[in-house]
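Undergrad: Got a structure here, written out as structure tokens. Questions coming.
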Amino acid sequence: MQFGDLKTTAALEKLNGYLADKSYIVGYSPSQEDTAAFEAMKGAPPAGLPHLLRWYTQISSYGSERSKFPGSASGAAPAAAADDDDDDVDLFGSDDEDEAEKERIKAERVSAYNAKKAKKTAIIAKSSVLLDVKPWDDETDMKAMEAEVRKISMDGLVWGAGKLVPLAFGIKKLTIMCTVEDDKVSIEELTEKIEENEEFVQSVDIAAFNKI
């Protein structure tokens, strides 16, 4: 996918539009296409590009795992070598080999097969969550409230971008993005922790929830 120089506003807007109905640059899981676009941006996108911000927050949460995404930055899937296909592993050798030779070949291939399996990196199941944190009134210190929310630390939780959105009568809500590892973080527990800040927080709603 070509979007131009992702350090320019025009290219970022183009990518934002492209991601309006997509979670990733290519397909349904992160790939080297995402890594290449992420690194080309050289930083978080400006305000006003919600789809790009959602994608950027998700890819950012992977940290060093980005280098392990499948595929290639050029978008061309690498050709599968015959010895890289699990289904092609011949554990028994040919019929004309004697038993000792067949056993030796079988042992070597099983060892190589197991070693390759052990090196495969499992993608951790994650979710992208957009939370609406509502204050008691228009006198609530929203900066202090956001600071208290971001103080919440849980294994598997990464806070993303946040912004203030007008509600009514001068009251604003804090809309904040986070990425969680599904096996480690309960969204219900997270919202309860936020609501424990009773000095600032009146309620918390889940505005959007997407599996990554």
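Chain identifiers are assigned as A, B, and so on, following the order in which chains appear in the structure tokens; residues are numbered from 1 within each chain, and ligands are numbered from 1 in order of appearance.
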Find the residues around stretch 194-198 of chain A up to 8 Å (only C-alpha atoms counted), leave out those fewer than 5 positions away in its own chain, and share them as a PyMOL selection string.
TA: chain A and resi 148-149+152+203-204
Undergrad: Could those residues be written to a file, using C-alpha atoms, as a compact mmCIF listing (two decimals), in the first residue's frame?
TA:
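File out.txt, as written:
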# COMPACT_ATOMS: atom_id res chain seq x y z
CA GLU A 148 -5.50 10.02 38.15
CA VAL A 149 -6.83 7.70 35.44
CA ILE A 152 -3.85 3.13 37.18
CA SER A 203 -19.18 7.26 35.84
CA VAL A 204 -17.31 5.35 33.13
Undergrad: Which residues are near A:Glu139? Cut-off 10 Å, only C-alpha atoms, ignore same chain within fewer than 3 positions. Put them as a ChimeraX atom specification.
TA: /A:135-136,142,170-172,200
Undergrad: Produce a file of the selected residues containing N, CA and C atoms, as a compact mmCIF listing (two decimals), in the first residue's frame.
TA:
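So the final result, stored in selection_15.txt, reads:
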# COMPACT_ATOMS: atom_id res chain seq x y z
N PRO A 135 -17.18 13.43 34.51
CA PRO A 135 -16.99 14.09 35.81
C PRO A 135 -18.33 14.40 36.47
N TRP A 136 -18.26 14.95 37.67
CA TRP A 136 -19.48 15.31 38.39
C TRP A 136 -20.11 16.59 37.83
N MET A 142 -10.33 18.60 34.97
CA MET A 142 -10.24 17.48 34.04
C MET A 142 -8.79 17.00 33.84
N GLY A 170 -21.44 23.19 29.61
CA GLY A 170 -20.05 23.46 29.95
C GLY A 170 -19.30 22.25 30.50
N ILE A 171 -19.97 21.13 30.63
CA ILE A 171 -19.33 19.91 31.15
C ILE A 171 -18.65 19.16 30.01
N LYS A 172 -17.45 18.67 30.26
CA LYS A 172 -16.74 17.86 29.29
C LYS A 172 -16.44 16.49 29.86
N PHE A 200 -13.26 12.82 41.42
CA PHE A 200 -13.31 13.34 40.05
C PHE A 200 -14.37 12.63 39.19
